[in-house]
file work.cif (mmCIF, C-alpha atoms)
data_coords
#
loop_
_atom_site.label_atom_id
_atom_site.label_comp_id
_atom_site.auth_asym_id
_atom_site.auth_seq_id
_atom_site.Cartn_x
_atom_site.Cartn_y
_atom_site.Cartn_z
CA MET A 1 -62.66 -119.75 -33.61
CA ASN A 2 -59.81 -118.37 -35.68
CA SER A 3 -59.38 -121.63 -37.52
CA MET A 4 -63.14 -121.66 -38.23
CA LEU A 5 -62.82 -118.20 -39.79
CA GLU A 6 -59.83 -119.33 -41.83
CA LEU A 7 -61.78 -122.35 -43.00
CA LEU A 8 -64.69 -120.15 -44.14
CA GLN A 9 -62.28 -118.07 -46.20
CA GLN A 10 -61.02 -121.08 -48.12
CA PRO A 11 -63.01 -122.32 -51.13
CA TRP A 12 -65.87 -124.46 -49.82
CA PRO A 13 -65.88 -128.16 -50.79
CA TRP A 14 -68.87 -129.60 -52.65
CA TYR A 15 -70.12 -131.52 -49.62
CA VAL A 16 -70.55 -128.25 -47.72
CA ALA A 17 -71.88 -126.04 -50.52
CA GLY A 18 -74.18 -128.59 -52.18
CA PRO A 19 -76.26 -129.43 -49.06
CA LEU A 20 -76.50 -125.71 -48.20
CA ILE A 21 -77.81 -124.96 -51.70
CA GLY A 22 -80.27 -127.84 -51.24
CA LEU A 23 -81.48 -126.33 -47.96
CA THR A 24 -82.38 -123.13 -49.79
CA VAL A 25 -85.32 -125.03 -51.32
CA PRO A 26 -87.11 -125.82 -48.02
CA ALA A 27 -85.98 -122.48 -46.54
CA LEU A 28 -87.83 -120.54 -49.29
CA LEU A 29 -90.89 -122.75 -48.91
CA LEU A 30 -90.99 -122.32 -45.16
CA ILE A 31 -90.36 -118.58 -44.99
CA GLY A 32 -92.72 -117.62 -47.79
CA ASN A 33 -94.12 -120.58 -49.74
CA LYS A 34 -91.87 -119.68 -52.67
CA ALA A 35 -90.22 -122.01 -55.17
CA LEU A 36 -86.51 -121.48 -55.82
CA GLY A 37 -85.94 -120.17 -59.34
CA ILE A 38 -83.60 -117.43 -60.48
CA SER A 39 -84.21 -117.05 -64.22
CA SER A 40 -87.79 -115.80 -63.59
CA SER A 41 -86.20 -112.59 -62.30
CA LEU A 42 -85.16 -111.78 -65.88
CA ARG A 43 -88.80 -111.99 -66.97
CA HIS A 44 -89.92 -109.77 -64.09
CA VAL A 45 -87.35 -107.12 -65.01
CA CYS A 46 -88.57 -107.21 -68.64
CA ALA A 47 -92.19 -106.95 -67.46
CA ALA A 48 -91.36 -104.04 -65.19
CA CYS A 49 -89.18 -102.11 -67.64
CA VAL A 50 -90.16 -102.92 -71.25
CA PRO A 51 -93.50 -104.81 -71.36
CA ALA A 52 -94.23 -103.32 -74.83
CA GLY A 53 -97.74 -104.78 -74.83
CA ILE A 54 -96.38 -108.35 -75.06
CA PRO A 55 -98.92 -110.70 -73.41
CA PHE A 56 -96.18 -112.82 -71.73
CA LEU A 57 -94.81 -109.65 -70.12
CA THR A 58 -98.15 -108.25 -69.06
CA TYR A 59 -98.86 -109.53 -65.57
CA ASN A 60 -98.64 -108.29 -62.03
CA TRP A 61 -94.85 -108.45 -61.64
CA ARG A 62 -95.15 -106.58 -58.35
CA ALA A 63 -96.38 -109.83 -56.81
CA GLU A 64 -92.96 -111.26 -57.67
CA ILE A 65 -90.82 -108.56 -56.12
CA TRP A 66 -89.58 -111.12 -53.57
CA ASN A 67 -87.77 -112.83 -56.47
CA LEU A 68 -86.02 -109.61 -57.47
CA VAL A 69 -85.03 -108.97 -53.85
CA PHE A 70 -83.64 -112.53 -53.64
CA VAL A 71 -81.56 -111.91 -56.76
CA LEU A 72 -80.31 -108.61 -55.34
CA GLY A 73 -79.21 -110.65 -52.34
CA VAL A 74 -77.36 -113.08 -54.63
CA ALA A 75 -75.36 -110.15 -56.05
CA LEU A 76 -74.67 -108.88 -52.53
CA GLY A 77 -73.59 -112.41 -51.60
CA GLY A 78 -71.20 -112.37 -54.55
CA PHE A 79 -69.61 -109.21 -53.18
CA ILE A 80 -69.34 -110.55 -49.63
CA GLY A 81 -68.22 -114.01 -50.69
CA TYR A 82 -65.56 -112.79 -53.10
CA GLN A 83 -64.35 -109.42 -51.87
CA LEU A 84 -64.76 -109.80 -48.11
CA MET A 85 -64.32 -113.53 -47.51
CA GLY A 86 -61.19 -114.03 -49.56
CA HIS A 87 -60.57 -115.83 -52.82
CA PRO A 88 -57.68 -117.64 -54.46
CA GLU A 89 -55.89 -115.79 -57.24
CA ILE A 90 -56.19 -118.87 -59.45
CA ILE A 91 -59.03 -121.34 -59.02
CA ASN A 92 -57.77 -124.83 -58.38
CA ILE A 93 -59.24 -126.57 -61.41
CA SER A 94 -58.06 -129.88 -62.77
CA PRO A 95 -54.67 -129.82 -64.58
CA GLU A 96 -56.35 -131.64 -67.48
CA THR A 97 -58.82 -128.78 -67.90
CA ILE A 98 -56.00 -126.23 -67.81
CA ASN A 99 -54.15 -128.22 -70.43
CA ASP A 100 -57.23 -128.49 -72.67
CA LEU A 101 -57.95 -124.78 -72.38
CA LYS A 102 -54.33 -123.95 -73.19
CA THR A 103 -54.17 -126.13 -76.27
CA GLU A 104 -57.73 -125.78 -77.61
CA LEU A 105 -58.71 -122.25 -76.64
CA HIS A 106 -55.18 -120.81 -76.47
CA LEU A 107 -55.76 -119.40 -72.98
CA THR A 108 -52.73 -118.32 -70.98
CA ASP A 109 -54.25 -116.40 -68.06
CA PHE A 110 -56.07 -118.60 -65.53
CA SER A 111 -56.54 -116.01 -62.80
CA GLY A 112 -59.93 -114.77 -61.63
CA LEU A 113 -63.42 -116.26 -61.99
CA LEU A 114 -63.42 -116.21 -65.77
CA PRO A 115 -60.70 -115.91 -68.41
CA ARG A 116 -59.93 -112.26 -69.15
CA GLU A 117 -58.79 -113.22 -72.63
CA LEU A 118 -62.40 -114.08 -73.50
CA PHE A 119 -64.46 -111.91 -71.16
CA SER A 120 -62.64 -108.60 -71.06
CA LEU A 121 -64.92 -105.70 -72.00
CA ASP A 122 -62.27 -104.61 -74.53
CA ASN A 123 -63.14 -107.76 -76.44
CA LEU A 124 -66.41 -106.13 -77.49
CA ALA A 125 -64.32 -104.65 -80.30
CA ASN A 126 -63.97 -108.11 -81.87
CA TRP A 127 -66.02 -111.29 -82.39
CA LYS A 128 -64.89 -112.91 -79.15
CA GLY A 129 -66.56 -110.35 -76.93
CA TRP A 130 -69.79 -110.48 -78.89
CA PHE A 131 -69.80 -114.26 -78.88
CA PHE A 132 -68.94 -114.81 -75.20
CA LEU A 133 -70.66 -111.82 -73.61
CA VAL A 134 -73.57 -110.94 -75.86
CA PHE A 135 -74.52 -114.11 -77.76
CA GLY A 136 -73.86 -116.34 -74.72
CA GLY A 137 -75.90 -114.13 -72.42
CA PHE A 138 -78.70 -113.93 -74.98
CA LEU A 139 -78.94 -117.73 -75.21
CA VAL A 140 -79.06 -117.99 -71.41
CA GLY A 141 -81.97 -115.55 -71.22
CA PHE A 142 -83.83 -116.98 -74.22
CA GLY A 143 -83.30 -120.65 -73.37
CA THR A 144 -84.12 -120.52 -69.67
CA ARG A 145 -87.46 -118.85 -70.27
CA TYR A 146 -88.30 -121.15 -73.19
CA ALA A 147 -87.51 -124.14 -70.95
CA GLY A 148 -89.34 -122.57 -68.01
CA GLY A 149 -86.36 -122.58 -65.68
CA CYS A 150 -82.61 -122.78 -65.21
CA THR A 151 -80.27 -124.77 -63.02
CA SER A 152 -81.99 -123.58 -59.85
CA GLY A 153 -85.61 -123.97 -61.02
CA HIS A 154 -85.27 -127.24 -62.93
CA ALA A 155 -82.12 -129.03 -61.73
CA ILE A 156 -82.33 -128.18 -58.02
CA SER A 157 -85.94 -127.24 -57.29
CA GLY A 158 -87.58 -129.42 -59.97
CA LEU A 159 -85.56 -132.59 -59.48
CA SER A 160 -85.88 -132.22 -55.68
CA ASN A 161 -89.64 -132.37 -56.21
CA LEU A 162 -89.24 -135.44 -58.48
CA GLN A 163 -90.47 -133.65 -61.60
CA TRP A 164 -89.62 -135.80 -64.64
CA VAL A 165 -90.12 -132.73 -66.83
CA SER A 166 -87.17 -131.13 -65.06
CA LEU A 167 -85.05 -134.18 -65.84
CA VAL A 168 -85.84 -133.63 -69.54
CA ALA A 169 -84.77 -129.99 -69.12
CA VAL A 170 -81.51 -130.94 -67.39
CA ILE A 171 -80.70 -133.46 -70.14
CA GLY A 172 -81.29 -130.59 -72.59
CA PHE A 173 -78.94 -128.30 -70.59
CA PHE A 174 -76.19 -130.90 -70.77
CA ALA A 175 -76.76 -131.74 -74.42
CA GLY A 176 -76.32 -128.05 -75.28
CA GLY A 177 -73.33 -127.60 -72.99
CA LEU A 178 -71.55 -130.69 -74.28
CA LEU A 179 -72.17 -129.76 -77.91
CA MET A 180 -70.75 -126.29 -77.30
CA THR A 181 -67.71 -127.56 -75.38
CA TRP A 182 -66.80 -130.56 -77.52
CA VAL A 183 -67.97 -129.58 -81.02
CA VAL A 184 -68.40 -125.80 -81.39
CA TYR A 185 -65.38 -124.63 -79.34
CA PRO A 186 -62.89 -126.71 -81.39
CA MET A 187 -64.36 -125.20 -84.57
CA LEU A 188 -64.13 -121.63 -83.28
CA PHE A 189 -60.53 -121.61 -82.10
CA MET B 190 -89.57 -104.90 -44.66
CA LYS B 191 -91.62 -107.96 -45.62
CA TYR B 192 -88.97 -108.65 -48.25
CA PHE B 193 -86.01 -108.52 -45.88
CA LYS B 194 -86.01 -112.30 -45.31
CA TYR B 195 -85.60 -112.85 -49.05
CA LEU B 196 -82.65 -110.46 -49.12
CA VAL B 197 -80.99 -112.41 -46.31
CA LEU B 198 -81.62 -115.80 -47.92
CA GLY B 199 -80.53 -114.51 -51.34
CA THR B 200 -77.33 -113.14 -49.82
CA LEU B 201 -76.55 -116.49 -48.17
CA PHE B 202 -77.28 -118.23 -51.48
CA GLY B 203 -74.90 -115.84 -53.28
CA ILE B 204 -72.15 -116.42 -50.71
CA ILE B 205 -72.50 -120.21 -51.08
CA LEU B 206 -72.36 -120.00 -54.90
CA THR B 207 -69.30 -117.78 -54.70
CA LYS B 208 -67.35 -119.65 -52.03
CA SER B 209 -67.92 -122.98 -53.79
CA GLU B 210 -66.62 -121.41 -57.04
CA VAL B 211 -69.61 -122.61 -59.08
CA ILE B 212 -69.80 -119.06 -60.46
CA SER B 213 -66.48 -119.63 -62.24
CA TRP B 214 -66.33 -120.21 -65.99
CA PHE B 215 -63.34 -122.49 -65.37
CA ARG B 216 -65.41 -124.76 -63.10
CA ILE B 217 -68.17 -125.05 -65.72
CA GLN B 218 -65.62 -126.00 -68.40
CA GLU B 219 -64.18 -128.57 -65.99
CA MET B 220 -67.71 -129.96 -65.55
CA PHE B 221 -68.55 -130.19 -69.26
CA ARG B 222 -65.19 -131.88 -69.85
CA PHE B 223 -65.84 -134.40 -67.04
CA GLN B 224 -62.50 -133.58 -65.46
CA ALA B 225 -63.56 -133.08 -61.84
CA PHE B 226 -66.30 -134.19 -59.51
CA HIS B 227 -66.77 -130.76 -57.89
CA MET B 228 -69.77 -129.44 -59.87
CA TYR B 229 -71.48 -132.84 -59.92
CA GLY B 230 -70.97 -133.08 -56.17
CA VAL B 231 -72.46 -129.63 -55.58
CA ILE B 232 -75.51 -130.12 -57.82
CA GLY B 233 -76.03 -133.77 -56.83
CA SER B 234 -75.86 -133.22 -53.07
CA ALA B 235 -78.07 -130.12 -53.40
CA ILE B 236 -80.72 -132.26 -55.12
CA VAL B 237 -80.49 -135.04 -52.52
CA VAL B 238 -80.85 -132.59 -49.62
CA GLY B 239 -83.65 -130.73 -51.42
CA MET B 240 -85.45 -134.00 -52.12
CA ILE B 241 -85.29 -135.17 -48.50
CA SER B 242 -86.43 -131.74 -47.30
CA ILE B 243 -89.43 -131.68 -49.64
CA GLN B 244 -90.42 -135.20 -48.61
CA LEU B 245 -90.27 -134.15 -44.95
CA ILE B 246 -92.37 -131.05 -45.66
CA LYS B 247 -94.96 -133.09 -47.58
CA ARG B 248 -95.18 -136.01 -45.14
CA ASN B 249 -95.47 -133.79 -42.10
CA ARG B 250 -97.76 -131.35 -43.94
CA LEU B 251 -95.61 -128.49 -42.72
CA LYS B 252 -96.96 -124.98 -43.14
CA SER B 253 -95.03 -121.83 -44.00
CA ILE B 254 -94.29 -119.40 -41.16
CA SER B 255 -97.37 -117.39 -42.11
CA GLY B 256 -99.48 -120.54 -41.70
CA GLU B 257 -100.09 -121.24 -45.38
CA GLU B 258 -100.24 -124.78 -46.69
CA ILE B 259 -97.05 -125.37 -48.69
CA LYS B 260 -97.85 -125.96 -52.32
CA LEU B 261 -95.51 -127.13 -55.05
CA ALA B 262 -96.89 -126.89 -58.56
CA ASP B 263 -96.21 -129.79 -60.93
CA LYS B 264 -94.28 -128.78 -64.03
CA LYS B 265 -96.01 -129.65 -67.28
CA PHE B 266 -94.25 -131.04 -70.33
CA ASN B 267 -94.05 -129.17 -73.61
CA HIS B 268 -91.43 -129.22 -76.34
CA GLY B 269 -90.01 -125.93 -75.07
CA ILE B 270 -88.61 -127.85 -72.09
CA TRP B 271 -85.96 -129.63 -74.14
CA ILE B 272 -85.57 -127.10 -76.98
CA GLY B 273 -85.18 -124.20 -74.55
CA GLY B 274 -83.08 -126.39 -72.26
CA PHE B 275 -80.74 -127.15 -75.14
CA ILE B 276 -80.47 -123.45 -76.07
CA PHE B 277 -79.71 -122.54 -72.45
CA GLY B 278 -77.11 -125.34 -72.34
CA LEU B 279 -75.27 -123.78 -75.29
CA GLY B 280 -75.29 -120.44 -73.47
CA TRP B 281 -74.24 -122.03 -70.18
CA ALA B 282 -71.09 -123.45 -71.80
CA ILE B 283 -70.30 -120.10 -73.45
CA THR B 284 -70.83 -117.76 -70.50
CA GLY B 285 -69.89 -120.37 -67.92
CA ALA B 286 -72.78 -119.10 -65.85
CA CYS B 287 -76.43 -119.74 -65.30
CA PRO B 288 -78.59 -116.82 -64.16
CA GLY B 289 -77.78 -117.07 -60.41
CA PRO B 290 -74.02 -117.04 -60.93
CA LEU B 291 -74.34 -114.10 -63.35
CA PHE B 292 -75.74 -111.97 -60.51
CA ALA B 293 -73.13 -113.27 -58.06
CA GLN B 294 -70.36 -112.49 -60.59
CA LEU B 295 -71.68 -108.96 -60.95
CA GLY B 296 -71.53 -108.50 -57.19
CA SER B 297 -68.03 -109.98 -57.03
CA GLY B 298 -66.87 -107.21 -59.34
CA VAL B 299 -66.81 -108.86 -62.78
CA GLY B 300 -67.77 -106.04 -65.18
CA ALA B 301 -68.46 -108.48 -68.01
CA ALA B 302 -71.36 -109.90 -65.99
CA ALA B 303 -73.28 -106.63 -66.50
CA VAL B 304 -73.08 -107.10 -70.27
CA MET B 305 -74.09 -110.77 -70.01
CA ILE B 306 -77.08 -109.89 -67.79
CA LEU B 307 -78.22 -107.20 -70.25
CA ALA B 308 -77.87 -109.73 -73.07
CA ALA B 309 -79.82 -112.30 -71.03
CA LEU B 310 -82.58 -109.72 -70.50
CA ALA B 311 -82.63 -109.14 -74.25
CA GLY B 312 -82.89 -112.91 -74.73
CA THR B 313 -85.81 -113.21 -72.31
CA TRP B 314 -87.54 -110.24 -73.93
CA THR B 315 -87.05 -111.69 -77.42
CA TYR B 316 -88.43 -115.05 -76.27
CA SER B 317 -91.46 -113.27 -74.80
CA ALA B 318 -92.09 -111.40 -78.06
CA LEU B 319 -91.73 -114.55 -80.21
CA ARG B 320 -93.46 -116.92 -77.81
CA GLU B 321 -96.59 -117.52 -79.90
CA LYS B 322 -94.53 -118.37 -82.98
CA LEU B 323 -92.21 -120.88 -81.30
CA PRO B 324 -92.79 -124.66 -81.36
CA TYR B 325 -94.22 -126.12 -78.15
#
call {"tool": "encode", "arguments": {"input": "work.cif", "output": "structure tokens"}}
result
Amino acid sequence: MNSMLELLQQPWPWYVAGPLIGLTVPALLLIGNKALGISSSLRHVCAACVPAGIPFLTYNWRAEIWNLVFVLGVALGGFIGYQLMGHPEIINISPETINDLKTELHLTDFSGLLPRELFSLDNLANWKGWFFLVFGGFLVGFGTRYAGGCTSGHAISGLSNLQWVSLVAVIGFFAGGLLMTWVVYPMLF
Amino acid sequence: MKYFKYLVLGTLFGIILTKSEVISWFRIQEMFRFQAFHMYGVIGSAIVVGMISIQLIKRNRLKSISGEEIKLADKKFNHGIWIGGFIFGLGWAITGACPGPLFAQLGSGVGAAAVMILAALAGTWTYSALREKLPY
């Protein structure tokens, strides 16, 4: 029992986490006939707080409260999973990635979930903070809604249901991600 | 109370995302640089398990616990799918997080996630306001 607890506190391998994420799809369908999709929550918050007469934000968002509750759970899960279930000081990423990030992005601190040198709130005083926190977040919110879904709605839920449209979306996700990583990052740093 | 089950499932989902480290910017960089199998393994096995589950639900005509017929809407193509997908991809590589991980990061105690979520809300709002003028 103790070793089971210790095992749960270690980072979970892909072959444990992936299937569990996959099971969330049928679980949501069975408990409430709901399709997994997280980015919709952003739209519901906009509709609830600042609809401003915009047609796309004028709908009965109260019918989608389940989605907001699910997302609240995800945040709670982040707290439990990170603060209560243990975490490594430095995530065990590939040495090649560390080397690339050191040479290309001049990172020195690899502790935590994301690099403090880029994501510290103090960075909002310079371009880095605005680029990584504000511009990046903006593109995530704009792009997911324009595409009609994110990694959960298109990649997991959509591809699980054999939707070719979702494959187009996922190819788009990767095209954007690869361009940013391989072309834009080297120009910025 | 009728929402409690979604809170439980969302919490489990958040724990899985966190414990598998897919909410880490470092893991997303590793993925876009093709330097580890981890992210591909997580996403790939999630899709395989999801696919098998949906096939089982469809073939056995399973109903939800409230007795409803389970319906999955087909997604329709429009040009926003790839244009928006591309824009999200740029943001994914910058923030190192898609929407789910942003919420999990916030819960884990990353203050920057609050700023990114606010910016994402601004992005969604801006999209909504410009929707009629965008190419589809």
call {"tool": "residues_around", "arguments": {"input": "work.cif", "residues": "Ile54 in chain A", "least_positions_apart": "4", "cutoff": "8 Å", "atoms": "only C-alpha atoms", "output": "list in words"}}
result
Thr58 of chain A; Ser317 and Ala318 of chain B
call {"tool": "closest_residue", "arguments": {"input": "work.cif", "among": "B:Leu291, B:Leu279, B:Ala303, B:Leu319", "to": "chain A", "atoms": "all atoms listed in the file"}}
result
B:Leu279
call {"tool": "resolve_selection", "arguments": {"input": "work.cif", "expression": "the PyMOL selection byres ((chain B and resi 260) around 12)", "output": "ChimeraX atom specification"}}
result
/A:26,28-30,32-35,161 /B:243,246-247,250-253,257-259,261-263
call {"tool": "closest_residue", "arguments": {"input": "work.cif", "among": "A:Leu84, A:Gly78, A:Ala155, A:Ala125", "to": "chain B", "atoms": "all atoms listed in the file"}}
result
A:Gly78
call {"tool": "atom_distance", "arguments": {"input": "work.cif", "atom1": "CA of Gly18 in chain A", "atom2": "CA of Ile232 in chain B"}}
result
6.0 Å
call {"tool": "resolve_selection", "arguments": {"input": "work.cif", "expression": "the PyMOL selection byres ((chain B and resi 239) around 10)", "output": "list in words"}}
result
Gly18, Pro19, Leu20, Ile21, Gly22, Leu23, Thr24, Val25, Pro26, Ala27, Ile156, Ser157, Gly158, Leu159, Ser160 and Asn161 of chain A; Gly233, Ser234, Ala235, Ile236, Val237, Val238, Met240, Ile241, Ser242, Ile243, Gln244 and Leu245 of chain B
call {"tool": "decode", "arguments": {"input": "work.cif", "residues": "range 66-94 of chain A", "atoms": "N, CA and C atoms", "output": "short mmCIF file (atom, residue, chain, number, x, y, z; two decimals), in the first residue's frame"}}
result
data_model
loop_
_atom_site.label_atom_id
_atom_site.label_comp_id
_atom_site.auth_asym_id
_atom_site.auth_seq_id
_atom_site.Cartn_x
_atom_site.Cartn_y
_atom_site.Cartn_z
N TRP A 66 -22.14 23.12 -16.44
CA TRP A 66 -21.37 21.89 -16.18
C TRP A 66 -19.93 22.04 -16.63
N ASN A 67 -19.73 22.73 -17.78
CA ASN A 67 -18.41 22.91 -18.36
C ASN A 67 -17.53 23.77 -17.45
N LEU A 68 -18.15 24.81 -16.87
CA LEU A 68 -17.41 25.68 -15.96
C LEU A 68 -17.06 24.94 -14.67
N VAL A 69 -17.98 24.09 -14.22
CA VAL A 69 -17.71 23.30 -13.01
C VAL A 69 -16.58 22.31 -13.28
N PHE A 70 -16.58 21.71 -14.47
CA PHE A 70 -15.51 20.78 -14.86
C PHE A 70 -14.15 21.49 -14.82
N VAL A 71 -14.12 22.70 -15.37
CA VAL A 71 -12.88 23.47 -15.42
C VAL A 71 -12.42 23.87 -14.00
N LEU A 72 -13.38 24.19 -13.15
CA LEU A 72 -13.06 24.48 -11.75
C LEU A 72 -12.39 23.25 -11.13
N GLY A 73 -12.93 22.08 -11.48
CA GLY A 73 -12.34 20.83 -11.02
C GLY A 73 -10.92 20.67 -11.53
N VAL A 74 -10.66 21.03 -12.78
CA VAL A 74 -9.31 20.91 -13.35
C VAL A 74 -8.33 21.75 -12.52
N ALA A 75 -8.75 22.95 -12.13
CA ALA A 75 -7.89 23.81 -11.30
C ALA A 75 -7.67 23.16 -9.93
N LEU A 76 -8.72 22.62 -9.36
CA LEU A 76 -8.61 21.93 -8.08
C LEU A 76 -7.67 20.73 -8.21
N GLY A 77 -7.80 20.02 -9.34
CA GLY A 77 -6.91 18.89 -9.61
C GLY A 77 -5.46 19.33 -9.72
N GLY A 78 -5.24 20.51 -10.28
CA GLY A 78 -3.88 21.06 -10.36
C GLY A 78 -3.30 21.28 -8.98
N PHE A 79 -4.14 21.78 -8.07
CA PHE A 79 -3.69 22.00 -6.69
C PHE A 79 -3.36 20.67 -6.01
N ILE A 80 -4.30 19.72 -6.11
CA ILE A 80 -4.09 18.42 -5.46
C ILE A 80 -2.89 17.70 -6.07
N GLY A 81 -2.85 17.67 -7.40
CA GLY A 81 -1.80 16.94 -8.09
C GLY A 81 -0.41 17.51 -7.87
N TYR A 82 -0.33 18.83 -7.71
CA TYR A 82 1.00 19.45 -7.58
C TYR A 82 1.39 19.67 -6.13
N GLN A 83 0.47 20.27 -5.37
CA GLN A 83 0.82 20.65 -3.99
C GLN A 83 0.69 19.49 -3.00
N LEU A 84 -0.29 18.61 -3.23
CA LEU A 84 -0.53 17.56 -2.23
C LEU A 84 0.08 16.22 -2.63
N MET A 85 0.25 15.98 -3.92
CA MET A 85 0.73 14.66 -4.35
C MET A 85 2.21 14.67 -4.74
N GLY A 86 2.89 15.73 -4.42
CA GLY A 86 4.33 15.77 -4.67
C GLY A 86 4.68 16.14 -6.10
N HIS A 87 5.85 16.72 -6.26
CA HIS A 87 6.33 17.06 -7.60
C HIS A 87 7.85 17.17 -7.56
N PRO A 88 8.49 16.85 -8.67
CA PRO A 88 9.95 17.01 -8.70
C PRO A 88 10.30 18.49 -8.79
N GLU A 89 11.44 18.85 -8.24
CA GLU A 89 11.88 20.25 -8.30
C GLU A 89 12.15 20.64 -9.76
N ILE A 90 12.80 19.70 -10.47
CA ILE A 90 13.08 19.94 -11.89
C ILE A 90 12.47 18.80 -12.70
N ILE A 91 11.68 19.15 -13.70
CA ILE A 91 11.04 18.13 -14.52
C ILE A 91 12.08 17.46 -15.40
N ASN A 92 11.95 16.13 -15.47
CA ASN A 92 12.98 15.33 -16.12
C ASN A 92 12.84 15.35 -17.64
N ILE A 93 13.09 16.51 -18.25
CA ILE A 93 12.97 16.57 -19.71
C ILE A 93 14.28 16.13 -20.35
N SER A 94 14.21 15.91 -21.65
CA SER A 94 15.36 15.41 -22.38
C SER A 94 16.55 16.37 -22.27
#
